[in-house]
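Everything below concerns the one structure shown next.
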Amino acid sequence: MSKKQQKVLKRIVVALLLLIAVSILDALVEMPWILRLALYLVPYLVIGYDILKKAGKGILKRQVFDENFLMAVATVGAVCLGDYKEGAAVMLFYQIGELFQSVAVGKSRKNIAALMDIRPDYANMMVDGKLEKVDPDDVEIGSEIIINPGEKVPIDGVITEGNTTLNTSALTGESLPRDASCGDEIISGCINMTGMIKVKTTKEFGDSTVSKILDLVENSAMKKSRSENFITKFAKYYTPAVCYGALALAILPPIVRLFMGSSPMWGEWIIRALTFLVISCPCALVISIPLSFFGGIGCASSNGILVKGSNYLEALSATKYIVFDKTGTLTKGVFEVTASYPENGFDKETLLGMAAYAESSSSHPISLSLKKAYGQELDLSRVSDIEEIAGHGVCARVDGKKVYVGNMRLMQRENLTVTTEHKEGTVCYVAVDGTYAGCIVISDVVKPTTKDAIAGLKKNGIKKTIMLTGDANETAQRVAAEIGIDEVHSELLPADKVAQVEHILNAKGEKENLAFVGDGINDAPVLSRADIGIAMGAMGSDAAIEAADVVLMDDDPAKIALAMKISVRTLKIVRENIVFALAVKAVCLILGALGIANMWVAIFADVGVMVLAVLNATRALKIRA
Amino acid sequence: MKKTYDVEVDCANCAAKMEEAVKNTEGVKNATLSFMTLKLKVEFEEGADVDAVMQQAYKNCKVVEDDCEIFL
């Protein structure tokens with residue numbers, strides 16, 4: 001509790017004790033009204049002086065329709081009509097409610113701040129031969145920083161010395177630690193767990209992952225959802241409307257009664273009007289809705305899902321179509337050897353070895369994946385006479401044998417009979433000393449979670465999943481069948497993707513949203529065109545992350561279903577609060593106008609509803625997968 | 001030109017009123033106040049004197065909600 005809150009708490013306790021004492025005294029001893037008033041005024045003023053002061057200031061500045069004004073009028077009115085105890089009690093409960101709200105909001109602010117506690121405070125740098133803690137902002141690109149076990153990685157960079165395990169859970173929600181060693185890229189916000197490492201920074205602090213994430217989350221609360229805007233607008237008209245309603249309630253019925261010849265009962269109607277005012281306070285609505293959204297966004301970020309605004313969290317719940325980019329989104333975007341077919345007496349090991357040696361000097365992705373699949377250190381003295389044959393492949397001498405590795409055209413050029421034929425992926429044909437030795441298939445691998453992710457989306461009410469890719473139709477169809485995607489559009493150029501998405505956007509229903517999931521630079525236009533753009537954060541290009549509305553920090557497509565779940569639950573909480581608060585208020589307002597609800601019911605309608613709505617809103621923070 | 005300020009305000013409805021007051025200040029193109037993060041983001045008109053505009057915005061906020069603070 002802050003100092004301000006503690007002070008209010010003390011006043012509440014004092015006023016409560018005083019009020020109880022005065023009530024007991026009042027019940028036991030017969031007193032003249034002036035003495036009773038004086039006694040009740042003590043707790044009333046202890047608890048309400050600031051409200052009265054604020055209301056007075058408000059009137060002077062002609063800002064009359066605020067809460068303080070409502071409370072001041074209602075309680076002063078009650079006191080004037082002789083309900084001293086009610087007047088003091090209403091003020092007391094109002095303050096209790098305000099304090100509760102302030103504590104609850106402060107607590108969820110803190111909870112979210114704790115979730116986002118990834119801001120590094122310092123970086124260790126060697127300055128004049130001494131290790132010093134410097135402000136991460138002052139570290140230039142290319143500097144060498146030292147990260148001890150237990151410290152946060154302050155700036156993005158590459159490890160130059162040491163091995164360690166990293167805890168990336170603050171960034172990605174992934175609890176499994178990741179190993180990192182010399183040469184690996186490392187992103188800020190991770191926690192170094194086991195070993196000391198030296199890192200050469202590749203970015204400034206301001207451009208580092210951690211700064212970007214913090215910036216993004218802080219700004220997310222600025223983008224308000226439609227529900228929030230609705231409530232703000234609603235409150236703007238609601239408060240004056242209720243005030244005039246109360247005024248009418250106090251004046252019109254007595255006048256009508258006067259004309260009808262019966263007693264006007266001014267006191268009764270003024271009390272009803274005051275009750276009406278107390279009930280009407282719009283705070284429960286105004287506070288609980290942004291609180292729910294903020295909780296939802298906080299919950300998402302602790303799971304490695306960054307949502308850039310409440311409006312996007314809201315839109316996500318209505319998503320019915322999801323369009324995926326294939327490479328890097330559904331698949332790893334990294335080429336791996338997925339199959340090898342040796343022929344003519346060769347075994348797999350020799351086939352891969354020959355290919356890896358022949359390709360040893362190249363850094364082409366295909367050569368790299370061959371070397372990775374071979375898995376052994378290459379002894380470069382075994383290979384000589386490497387010759388690249390443009391558009392065909394390479395030829396080299398390995399262990400004295402003439403080896404050709406390349407495409408079908410290379411085999412045809414060398415007059416070799418290829419006995420195996422594969423259409424999927426990229427195929428490397430290998431020949432040794434004039435004999436066809438077999439082929440190796442290299443293709444992009446589907447992420448392990450993709451299939452479950454698609455199934456999970458279906459369960460969450462997605463109508464159709466669509467995959468867009470620049471790949472050949474056969475590869476695309478095979479991947480689609482493997483992971484269970486509904487519709488495939490293949491052999492697309494980047495510009496075609498926008499056209500395809502436009503097409504689906506036009507075909508879908510008004511209230512159905514379309515999400516696009518992608519990672520590449522050329523996905524940026526589609527990401528901004530779709531109702532919701534979802535980018536892969538770890539692999540994704542900066543342009544894609546910039547253009548997207550939701551960023552998945554660990555590139556796991558399964559997180560999309562989780563994001564939707566959080567979104568749907570948050571929206572449900574928001575709707576519950578709107579309906580609950582409005583319904584209770586409406587019923588109480590009517591009862592108040594009819595004279596059935598007294599001041600105590602009014603206090604519940606104001607403070608009670610707010611407390612319940614705030615408690616309900618804080619549930620959004622705790623949504624589990 | 002955009003700038004972010006820390007604010008202090010106790011109720012959500014008051015925050016909404018402050019936002020409106022800042023928005024209606026001359027020289028301010030747009031403004032958003034998040035009650036949850038207690039941050040006020042102001043987008044200024046081209047060529048506006050930021051300090052003067054914010055002084056005025058602060059005064060306007062004080063009118064609608066006396067119990068508020070903008071840390072300029």
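Chain labels run A, B, ... following the order of the structure tokens; each chain numbers its residues from 1, and ligands are numbered from 1 in the order shown.
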
Fill in: Residue list for chain A near chain B as a VMD selection string, 9 Å, only C-alpha atoms
chain A and resid 54 57 to 58 61 to 63 66 to 67 98 101 to 102 105 to 106 108 to 109 218 to 219 221 to 224 232 235 to 236 282 to 283 286 to 288 290 to 291 294

Could you write out that same residue set with N, CA and C atoms as a compact mmCIF listing (two decimals), in the first residue's frame?
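Final file, result.txt:
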# COMPACT_ATOMS: atom_id res chain seq x y z
N LYS A 54 -13.13 18.49 -2.70
CA LYS A 54 -13.03 18.28 -4.15
C LYS A 54 -14.32 18.70 -4.84
N LYS A 57 -14.42 22.43 -5.08
CA LYS A 57 -13.54 22.91 -6.15
C LYS A 57 -14.18 22.66 -7.51
N GLY A 58 -14.78 21.48 -7.64
CA GLY A 58 -15.44 21.11 -8.90
C GLY A 58 -16.53 22.10 -9.25
N LYS A 61 -15.17 25.25 -10.52
CA LYS A 61 -14.64 25.15 -11.89
C LYS A 61 -15.70 24.68 -12.86
N ARG A 62 -16.91 24.61 -12.41
CA ARG A 62 -18.05 24.18 -13.23
C ARG A 62 -17.87 22.78 -13.81
N GLN A 63 -17.27 21.91 -13.01
CA GLN A 63 -17.15 20.51 -13.41
C GLN A 63 -17.97 19.72 -12.42
N ASP A 66 -19.06 14.94 -11.41
CA ASP A 66 -18.13 13.86 -11.12
C ASP A 66 -18.54 13.15 -9.83
N GLU A 67 -17.80 12.08 -9.54
CA GLU A 67 -18.13 11.24 -8.39
C GLU A 67 -18.20 12.01 -7.09
N GLU A 98 -13.34 3.01 -2.72
CA GLU A 98 -12.28 3.69 -3.46
C GLU A 98 -10.91 3.12 -3.09
N GLN A 101 -10.45 -0.29 -4.61
CA GLN A 101 -10.18 -0.18 -6.04
C GLN A 101 -8.73 0.22 -6.27
N SER A 102 -8.30 1.21 -5.51
CA SER A 102 -6.95 1.72 -5.71
C SER A 102 -5.92 0.65 -5.39
N VAL A 105 -6.08 -2.10 -8.23
CA VAL A 105 -5.45 -1.65 -9.47
C VAL A 105 -3.94 -1.60 -9.30
N GLY A 106 -3.51 -1.08 -8.14
CA GLY A 106 -2.08 -1.01 -7.87
C GLY A 106 -1.46 -2.39 -7.90
N SER A 108 -2.55 -5.11 -9.53
CA SER A 108 -2.42 -5.71 -10.86
C SER A 108 -1.37 -4.96 -11.68
N ARG A 109 -1.22 -3.66 -11.42
CA ARG A 109 -0.10 -2.95 -12.07
C ARG A 109 1.21 -3.61 -11.70
N GLU A 218 4.42 -1.46 -23.08
CA GLU A 218 3.98 -0.20 -22.49
C GLU A 218 3.01 0.52 -23.40
N ASN A 219 3.27 0.44 -24.69
CA ASN A 219 2.39 1.14 -25.62
C ASN A 219 1.07 0.41 -25.85
N ALA A 221 -1.18 -0.57 -23.93
CA ALA A 221 -2.33 -0.06 -23.20
C ALA A 221 -2.89 1.21 -23.84
N MET A 222 -2.12 1.81 -24.73
CA MET A 222 -2.56 3.04 -25.37
C MET A 222 -3.56 2.77 -26.48
N LYS A 223 -3.46 1.59 -27.05
CA LYS A 223 -4.39 1.28 -28.13
C LYS A 223 -5.65 0.69 -27.51
N LYS A 224 -6.66 1.49 -27.45
CA LYS A 224 -7.83 1.07 -26.68
C LYS A 224 -8.79 0.26 -27.53
N THR A 232 -16.09 4.67 -22.23
CA THR A 232 -15.71 6.06 -22.00
C THR A 232 -16.79 6.99 -22.54
N ALA A 235 -19.90 6.77 -20.37
CA ALA A 235 -19.80 7.50 -19.11
C ALA A 235 -20.01 8.99 -19.30
N LYS A 236 -19.57 9.47 -20.47
CA LYS A 236 -19.66 10.90 -20.76
C LYS A 236 -21.13 11.36 -20.79
N PRO A 282 -20.47 5.58 -12.26
CA PRO A 282 -20.07 4.70 -13.36
C PRO A 282 -18.73 4.01 -13.17
N CYS A 283 -18.14 4.13 -12.00
CA CYS A 283 -16.74 3.72 -11.86
C CYS A 283 -16.49 2.23 -12.10
N VAL A 286 -15.99 1.80 -15.75
CA VAL A 286 -14.85 2.51 -16.32
C VAL A 286 -13.54 1.88 -15.88
N ILE A 287 -13.48 1.35 -14.67
CA ILE A 287 -12.23 0.78 -14.22
C ILE A 287 -12.05 -0.67 -14.68
N SER A 288 -13.13 -1.46 -14.64
CA SER A 288 -12.92 -2.89 -14.80
C SER A 288 -12.58 -3.29 -16.23
N PRO A 290 -10.67 -1.60 -18.82
CA PRO A 290 -9.23 -1.57 -19.14
C PRO A 290 -8.43 -2.53 -18.27
N LEU A 291 -8.86 -2.71 -17.04
CA LEU A 291 -8.15 -3.63 -16.15
C LEU A 291 -8.18 -5.05 -16.70
N PHE A 294 -5.86 -5.21 -19.74
CA PHE A 294 -4.47 -5.13 -19.33
C PHE A 294 -4.02 -6.46 -18.75

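Running DSSP on the backbone gives strand (DSSP E or B) for these residues within stretch 288-368 of chain A: A:Ile305, A:Leu306, A:Val307, A:Thr319, A:Lys320, A:Tyr321, A:Ile322, A:Val323, A:Phe324, A:Asp325, A:Thr331, A:Lys332, A:Gly333, A:Val334, A:Phe335, A:Glu336, A:Val337, A:Thr338, A:Ala339, A:Ser340, A:Tyr341, A:Pro342.
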
Fill in: Selection: 7 Å around stretch 332-339 of chain A, only C-alpha atoms, excl. self and same-chain fewer than 2 positions, as a VMD selection string
chain A and resid 327 to 330 341 365 to 366 369 to 370 373 440 to 447

Worksheet item: Can you list every residue in stretch 35-158 of chain A that DSSP puts in helix (DSSP H, G or I), as a VMD selection string?
Response: chain A and resid 35 to 60 67 to 80 84 to 115 136 to 138

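Residues in contact range of stretch 34-41 of chain A, defined as at most 9 Å between only C-alpha atoms, with sequence neighbours fewer than 3 positions away removed, read Leu18, Leu19, Val22, Ser23, Asp26, Met31, Tyr44, Leu45, Val46, Val79, Gly82, Tyr84, Lys85, Gly87 and Ala88 of chain A.
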